[in-house]
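J.: Below are the structure tokens for one structure; questions will follow.
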Amino acid sequence: MDDSFEGFESSDADWQAAYRAILDACLPDPLAVEESAATVPRTNAVAALADADDSSAEPIAALTREQAEALLASLDAGSVVDCTGDAVGVLFDPADDRPRADQRWDVATDALADELERLVSEANAQRAGETDREIEAELEAIAEEIRDLGSGEGTPDPDALGDDESERFRELREEFTYYKQLQEANSDPPLALGDSVARLPLNLPAGATDPLAAFGELVEAAAGLRDAVERGEIEGIDECLSRLADLLDDRAE
């Protein structure tokens with residue numbers, strides 16, 4: 001790629017791919033929303049452009065660090081981003097009359113929606129795994145108690161049990177069936193928040209009184225969910241998912 005990134009100003013595909021590469025690498029961290037802009041460190045923006053590959057949502061050609069610096073300068077000159085010192089502004093208050101405002105918001109909210117969908121999917125997988133372990137423990141405890149009603153080996157003959165043992169055997173068999181059904185239902189957990197996440201691009205910025213602040217709240221919630229997922233804290237995951245549900249419901253109203 002030419003260091004001058006010729007053709008950038010006339011090609012939406014070029015700037016959107018580069019812009020999306022920065023967002024994909026910087027959502028949810030180290031993107032920070034303060035005052036009238038969302039910013040990322042310049043070093044992260046350059047690294048994102050240099051490291052972008054076919055795994056990116058909008059892949060761009062591999063770049064050297066020098067080419068990435070030149071591309072970032074082109075994005076700045078084209079008013080896609082705002083390079084000020086060590087910070088790069090990537091999203092701005094819609095009230096600011098900046099070029100490509102609608103397109104920028106479309107790309108940014110799409111990137112955020114994809115990141116939220118990925119995180120929610122990972123969170124659901126962890127929750128399903130933890131639930132499955134809990135169910136397995138319950139099934140094993142029930143099976144052991146059933147065995148203990150007889151000789152301790154295998155399932156006893158209910159007709160050979162006394163009245164109390166026979167009644168307990170029926171109760172345990174019902175509990176066992178219940179947990180087996182739970183196990184089957186847990187094997188394919190639904191994607192929580194899927195509908196709300198899918199509506200996200202339609203409700204920001206148009207559906208928010210302060211869209212930049214709303215975007216920042218969602219980014220912060222996404223960062224919390226990511227941390228909880230990485231730590232494997234199911235209670236924390238549930239709290240973060242609840243927080244996201246509230247935020248997305250607010251955006252959908």
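Residues in the structure tokens are numbered from 1 in each chain, the chains being A, B, ... in the order shown, and ligands are numbered from 1 in the order shown.
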When DSSP is applied to the backbone of this structure, which of range 58-244 of chain A are assigned alpha helix (DSSP H)? Write them out as a ChimeraX atom specification.

T.: /A:65-77,101-149,163-186,194-203,211-231,234-244

J.: Please identify all polymer residues within 8 Å of range 210-218 of chain A, counting only C-alpha atoms, omitting same-chain residues fewer than 2 positions from it, and present them as a list in words.

T.: Ala32, Val33, Ser36, Ala37, Ala38, Leu91, Phe92, Asp93, Pro94, Leu204, Pro205, Ala206, Gly207, Ala208, Glu220, Ala221, Ala222, Leu244 and Leu247 of chain A

J.: With N, CA, C and O atoms kept, could you save the residues just selected as a JSON list (two decimals), in the first residue's frame?

T.:
[["chain", "number", "residue", "atom", "x", "y", "z"],
["A", 32, "ALA", "N", -11.91, 5.15, 25.70],
["A", 32, "ALA", "CA", -12.41, 5.92, 26.85],
["A", 32, "ALA", "C", -13.32, 7.03, 26.33],
["A", 32, "ALA", "O", -13.00, 7.70, 25.35],
["A", 33, "VAL", "N", -14.46, 7.21, 26.98],
["A", 33, "VAL", "CA", -15.40, 8.25, 26.59],
["A", 33, "VAL", "C", -15.36, 9.36, 27.63],
["A", 33, "VAL", "O", -15.69, 9.14, 28.80],
["A", 36, "SER", "N", -16.62, 15.27, 25.01],
["A", 36, "SER", "CA", -17.34, 15.23, 23.74],
["A", 36, "SER", "C", -16.77, 14.24, 22.74],
["A", 36, "SER", "O", -17.08, 14.30, 21.55],
["A", 37, "ALA", "N", -15.92, 13.31, 23.21],
["A", 37, "ALA", "CA", -15.30, 12.37, 22.28],
["A", 37, "ALA", "C", -14.95, 11.06, 22.96],
["A", 37, "ALA", "O", -14.73, 11.00, 24.17],
["A", 38, "ALA", "N", -14.92, 10.01, 22.15],
["A", 38, "ALA", "CA", -14.38, 8.73, 22.58],
["A", 38, "ALA", "C", -12.99, 8.62, 21.99],
["A", 38, "ALA", "O", -12.80, 8.83, 20.78],
["A", 91, "LEU", "N", -14.76, 8.83, 17.99],
["A", 91, "LEU", "CA", -16.21, 9.02, 17.94],
["A", 91, "LEU", "C", -16.54, 10.32, 18.66],
["A", 91, "LEU", "O", -15.95, 10.61, 19.70],
["A", 92, "PHE", "N", -17.50, 11.04, 18.09],
["A", 92, "PHE", "CA", -17.76, 12.38, 18.61],
["A", 92, "PHE", "C", -19.24, 12.62, 18.81],
["A", 92, "PHE", "O", -20.09, 11.93, 18.24],
["A", 93, "ASP", "N", -19.54, 13.60, 19.65],
["A", 93, "ASP", "CA", -20.92, 13.99, 19.89],
["A", 93, "ASP", "C", -21.57, 14.35, 18.55],
["A", 93, "ASP", "O", -21.01, 15.14, 17.79],
["A", 94, "PRO", "N", -22.74, 13.76, 18.25],
["A", 94, "PRO", "CA", -23.40, 14.06, 16.98],
["A", 94, "PRO", "C", -23.72, 15.55, 16.80],
["A", 94, "PRO", "O", -23.90, 16.01, 15.67],
["A", 204, "LEU", "N", -28.75, 4.09, 18.49],
["A", 204, "LEU", "CA", -27.68, 5.03, 18.79],
["A", 204, "LEU", "C", -27.15, 5.55, 17.45],
["A", 204, "LEU", "O", -26.84, 4.76, 16.57],
["A", 205, "PRO", "N", -27.03, 6.85, 17.29],
["A", 205, "PRO", "CA", -27.29, 7.87, 18.30],
["A", 205, "PRO", "C", -28.73, 8.38, 18.35],
["A", 205, "PRO", "O", -29.09, 9.11, 19.25],
["A", 206, "ALA", "N", -29.56, 8.01, 17.35],
["A", 206, "ALA", "CA", -30.88, 8.64, 17.23],
["A", 206, "ALA", "C", -31.77, 8.41, 18.45],
["A", 206, "ALA", "O", -32.58, 9.26, 18.81],
["A", 207, "GLY", "N", -31.61, 7.24, 19.11],
["A", 207, "GLY", "CA", -32.52, 6.92, 20.19],
["A", 207, "GLY", "C", -32.05, 7.32, 21.57],
["A", 207, "GLY", "O", -32.65, 6.91, 22.55],
["A", 208, "ALA", "N", -30.98, 8.10, 21.67],
["A", 208, "ALA", "CA", -30.47, 8.48, 22.97],
["A", 208, "ALA", "C", -30.38, 9.99, 23.11],
["A", 208, "ALA", "O", -30.03, 10.68, 22.16],
["A", 220, "GLU", "N", -18.42, 0.59, 28.89],
["A", 220, "GLU", "CA", -18.03, 0.28, 30.27],
["A", 220, "GLU", "C", -18.64, -1.04, 30.72],
["A", 220, "GLU", "O", -17.98, -1.87, 31.36],
["A", 221, "ALA", "N", -19.91, -1.25, 30.37],
["A", 221, "ALA", "CA", -20.58, -2.50, 30.74],
["A", 221, "ALA", "C", -19.95, -3.68, 30.01],
["A", 221, "ALA", "O", -19.80, -4.77, 30.58],
["A", 222, "ALA", "N", -19.59, -3.47, 28.75],
["A", 222, "ALA", "CA", -18.93, -4.53, 27.98],
["A", 222, "ALA", "C", -17.59, -4.89, 28.59],
["A", 222, "ALA", "O", -17.21, -6.07, 28.67],
["A", 244, "LEU", "N", -26.24, -4.84, 31.31],
["A", 244, "LEU", "CA", -26.35, -4.65, 29.87],
["A", 244, "LEU", "C", -27.80, -4.69, 29.42],
["A", 244, "LEU", "O", -28.22, -3.91, 28.55],
["A", 247, "LEU", "N", -29.38, -1.36, 30.15],
["A", 247, "LEU", "CA", -28.91, -0.33, 29.25],
["A", 247, "LEU", "C", -29.51, -0.49, 27.85],
["A", 247, "LEU", "O", -29.93, 0.49, 27.21]]

J.: Show which residues sit within 9 Å of range 108-113 of chain A, as a ChimeraX atom specification. Count only C-alpha atoms, and ignore same-chain residues fewer than 4 positions away.

T.: /A:19-20,23-24,27-28,57,90-91,103-104,117-118,197-202,204-205,215,218-219,222

J.: Emit the selected residues as a PDB file, in the first residue's frame, including C-alpha atoms.

T.:
ATOM      1  CA  TYR A  19     -11.576   2.883  11.105  1.00  0.00           C
ATOM      2  CA  ARG A  20     -13.253  -0.424  11.934  1.00  0.00           C
ATOM      3  CA  LEU A  23     -12.408  -0.026  16.855  1.00  0.00           C
ATOM      4  CA  ASP A  24     -12.172  -3.818  16.726  1.00  0.00           C
ATOM      5  CA  LEU A  27     -13.318  -2.159  22.106  1.00  0.00           C
ATOM      6  CA  PRO A  28     -14.062  -2.240  24.945  1.00  0.00           C
ATOM      7  CA  ALA A  57     -14.577  -7.576  10.515  1.00  0.00           C
ATOM      8  CA  VAL A  90     -12.608   8.049  17.130  1.00  0.00           C
ATOM      9  CA  LEU A  91     -16.208   9.022  17.938  1.00  0.00           C
ATOM     10  CA  GLN A 103     -21.247   6.766   8.707  1.00  0.00           C
ATOM     11  CA  ARG A 104     -18.862   6.922  11.649  1.00  0.00           C
ATOM     12  CA  GLU A 117     -22.618 -10.331  20.865  1.00  0.00           C
ATOM     13  CA  ARG A 118     -19.245 -12.068  21.176  1.00  0.00           C
ATOM     14  CA  VAL A 197     -27.928  -6.157  20.667  1.00  0.00           C
ATOM     15  CA  ALA A 198     -29.257  -6.523  17.134  1.00  0.00           C
ATOM     16  CA  ARG A 199     -31.252  -3.297  17.553  1.00  0.00           C
ATOM     17  CA  LEU A 200     -28.291  -1.350  18.889  1.00  0.00           C
ATOM     18  CA  PRO A 201     -27.277   0.378  15.606  1.00  0.00           C
ATOM     19  CA  LEU A 202     -30.854   1.560  15.166  1.00  0.00           C
ATOM     20  CA  LEU A 204     -27.677   5.027  18.789  1.00  0.00           C
ATOM     21  CA  PRO A 205     -27.293   7.868  18.304  1.00  0.00           C
ATOM     22  CA  PHE A 215     -22.173   4.633  24.030  1.00  0.00           C
ATOM     23  CA  LEU A 218     -22.325   0.336  26.992  1.00  0.00           C
ATOM     24  CA  VAL A 219     -18.549   0.223  26.486  1.00  0.00           C
ATOM     25  CA  ALA A 222     -18.931  -4.531  27.976  1.00  0.00           C
TER      26      ALA A 222
END

J.: Find the residues around Glu144 in chain A up to 12 Å (only C-alpha atoms counted), leave out those fewer than 6 positions away in its own chain, and share them as a PyMOL selection string.

T.: chain A and resi 137-138+150-156+169+172-173+176

J.: Would you save the residues from that selection as an mmCIF file, in the first residue's frame, using N, CA, C and O atoms?

T.:
data_model
loop_
_atom_site.group_PDB
_atom_site.id
_atom_site.type_symbol
_atom_site.label_atom_id
_atom_site.label_comp_id
_atom_site.auth_asym_id
_atom_site.auth_seq_id
_atom_site.Cartn_x
_atom_site.Cartn_y
_atom_site.Cartn_z
ATOM 1 N N ALA A 137 -23.457 -32.729 39.428
ATOM 2 C CA ALA A 137 -23.273 -33.024 40.851
ATOM 3 C C ALA A 137 -24.583 -33.479 41.490
ATOM 4 O O ALA A 137 -24.606 -34.416 42.307
ATOM 5 N N GLU A 138 -25.688 -32.808 41.118
ATOM 6 C CA GLU A 138 -26.991 -33.194 41.646
ATOM 7 C C GLU A 138 -27.371 -34.604 41.177
ATOM 8 O O GLU A 138 -27.865 -35.421 41.961
ATOM 9 N N GLY A 150 -30.718 -49.586 48.283
ATOM 10 C CA GLY A 150 -30.614 -51.033 48.137
ATOM 11 C C GLY A 150 -29.307 -51.539 48.693
ATOM 12 O O GLY A 150 -28.901 -51.197 49.802
ATOM 13 N N SER A 151 -28.616 -52.289 47.871
ATOM 14 C CA SER A 151 -27.352 -52.896 48.320
ATOM 15 C C SER A 151 -26.172 -51.951 48.183
ATOM 16 O O SER A 151 -25.071 -52.257 48.655
ATOM 17 N N GLY A 152 -26.377 -50.822 47.549
ATOM 18 C CA GLY A 152 -25.281 -49.889 47.320
ATOM 19 C C GLY A 152 -24.664 -50.046 45.952
ATOM 20 O O GLY A 152 -23.773 -49.295 45.577
ATOM 21 N N GLU A 153 -25.133 -51.055 45.197
ATOM 22 C CA GLU A 153 -24.640 -51.279 43.846
ATOM 23 C C GLU A 153 -25.815 -51.361 42.883
ATOM 24 O O GLU A 153 -26.683 -52.217 43.028
ATOM 25 N N GLY A 154 -25.832 -50.454 41.898
ATOM 26 C CA GLY A 154 -26.889 -50.471 40.902
ATOM 27 C C GLY A 154 -28.207 -49.955 41.452
ATOM 28 O O GLY A 154 -28.326 -49.572 42.623
ATOM 29 N N THR A 155 -29.210 -49.935 40.584
ATOM 30 C CA THR A 155 -30.537 -49.450 40.959
ATOM 31 C C THR A 155 -31.313 -50.559 41.660
ATOM 32 O O THR A 155 -31.428 -51.676 41.123
ATOM 33 N N PRO A 156 -31.831 -50.290 42.840
ATOM 34 C CA PRO A 156 -32.561 -51.348 43.564
ATOM 35 C C PRO A 156 -33.913 -51.649 42.929
ATOM 36 O O PRO A 156 -34.462 -50.836 42.186
ATOM 37 N N PHE A 169 -37.649 -43.742 46.873
ATOM 38 C CA PHE A 169 -37.153 -44.125 45.555
ATOM 39 C C PHE A 169 -37.931 -43.389 44.459
ATOM 40 O O PHE A 169 -37.331 -42.876 43.503
ATOM 41 N N LEU A 172 -36.886 -39.721 44.395
ATOM 42 C CA LEU A 172 -35.558 -39.540 43.808
ATOM 43 C C LEU A 172 -35.584 -39.751 42.297
ATOM 44 O O LEU A 172 -34.880 -39.055 41.553
ATOM 45 N N ARG A 173 -36.392 -40.695 41.841
ATOM 46 C CA ARG A 173 -36.487 -40.935 40.404
ATOM 47 C C ARG A 173 -37.070 -39.719 39.693
ATOM 48 O O ARG A 173 -36.626 -39.355 38.603
ATOM 49 N N PHE A 176 -34.379 -37.111 39.594
ATOM 50 C CA PHE A 176 -33.382 -37.460 38.588
ATOM 51 C C PHE A 176 -33.869 -37.081 37.187
ATOM 52 O O PHE A 176 -33.118 -36.508 36.382
#

J.: For Asp227 in chain A, which residue among A:Glu66, A:Asp29, A:Asp114, A:Asp106 is the nearest when counting only C-alpha atoms?

T.: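 Smallest separation from Asp227 in chain A among the options: A:Asp29.
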
J.: How would you write, as a ChimeraX atom specification, the set of residues in range 5-247 of chain A that DSSP gives as strand (DSSP E or B)?

T.: /A:32-34,37-41,82-84,87-92

J.: To one decimal in Å, tell me the separation between CA of Ile135 in chain A and CA of Leu182 in chain A.

T.: 7.6 Å

J.: Choose the residue, out of A:Ala143, A:Leu63, A:Ala128, A:Leu149, that has the smallest atom-to-atom separation from Glu184 in chain A; count only C-alpha atoms.

T.: A:Ala128

J.: Could you list, as a list in words, every residue within 8 Å of Ser79 in chain A, counting only C-alpha atoms and ignoring same-chain residues fewer than 4 positions away?

T.: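 Contacts, in chain order: Leu75, Arg98, Pro99 and Arg100 of chain A.
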
J.: So which residues touch Glu130 in chain A within 12 Å, counting only C-alpha atoms, skipping near sequence neighbours fewer than 6 positions away, as a list in words?

T.: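 Result of the neighbour search: Ala123, Asn124, Glu136, Ala137, Gln183, Asn186, Ser187, Gly232, Glu233, Ile234, Glu235 and Ile237 of chain A.
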
J.: Only N, CA, C and O atoms, please: the residues just picked out, written as a short mmCIF file (atom, residue, chain, number, x, y, z; two decimals), in the first residue's frame.

T.:
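Writing done, so here's part01.cif:
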data_model
loop_
_atom_site.label_atom_id
_atom_site.label_comp_id
_atom_site.auth_asym_id
_atom_site.auth_seq_id
_atom_site.Cartn_x
_atom_site.Cartn_y
_atom_site.Cartn_z
N ALA A 123 -20.15 -15.45 27.61
CA ALA A 123 -20.73 -15.47 28.95
C ALA A 123 -21.74 -16.61 29.08
O ALA A 123 -21.76 -17.33 30.08
N ASN A 124 -22.57 -16.78 28.06
CA ASN A 124 -23.56 -17.84 28.09
C ASN A 124 -22.90 -19.22 28.11
O ASN A 124 -23.37 -20.14 28.78
N GLU A 136 -24.67 -32.03 37.03
CA GLU A 136 -23.98 -33.31 37.13
C GLU A 136 -23.80 -33.71 38.59
O GLU A 136 -23.95 -34.89 38.95
N ALA A 137 -23.46 -32.73 39.43
CA ALA A 137 -23.27 -33.02 40.85
C ALA A 137 -24.58 -33.48 41.49
O ALA A 137 -24.61 -34.42 42.31
N GLN A 183 -30.53 -30.67 32.19
CA GLN A 183 -29.27 -30.87 31.49
C GLN A 183 -29.45 -30.77 29.99
O GLN A 183 -28.64 -30.15 29.28
N ASN A 186 -30.06 -27.19 29.00
CA ASN A 186 -28.87 -26.35 29.17
C ASN A 186 -27.83 -26.57 28.09
O ASN A 186 -26.88 -25.80 27.95
N SER A 187 -28.00 -27.61 27.26
CA SER A 187 -26.99 -27.93 26.26
C SER A 187 -26.93 -26.92 25.14
O SER A 187 -25.94 -26.81 24.44
N GLY A 232 -13.98 -15.94 34.98
CA GLY A 232 -14.87 -17.08 35.19
C GLY A 232 -15.79 -16.91 36.38
O GLY A 232 -16.19 -17.90 37.01
N GLU A 233 -16.15 -15.68 36.69
CA GLU A 233 -17.02 -15.40 37.84
C GLU A 233 -18.48 -15.36 37.40
O GLU A 233 -18.94 -14.37 36.82
N ILE A 234 -19.19 -16.44 37.67
CA ILE A 234 -20.56 -16.56 37.19
C ILE A 234 -21.46 -15.48 37.79
O ILE A 234 -22.29 -14.88 37.10
N GLU A 235 -21.29 -15.21 39.08
CA GLU A 235 -22.12 -14.17 39.71
C GLU A 235 -21.84 -12.81 39.06
O GLU A 235 -22.76 -12.04 38.78
N ILE A 237 -20.72 -12.34 36.04
CA ILE A 237 -21.27 -12.40 34.68
C ILE A 237 -22.75 -12.08 34.69
O ILE A 237 -23.25 -11.29 33.88
#

J.: List the neighbours of Val40 in chain A out to 8 Å using only C-alpha atoms; skip same-chain residues closer than 2 positions along the sequence, and give me the result as a list in words.

T.: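 Result of the neighbour search: Cys26, Pro30, Leu31, Ala32, Ala38, Arg42, Asn44, Ala45, Ala87, Val88, Gly89 and Val90 of chain A.
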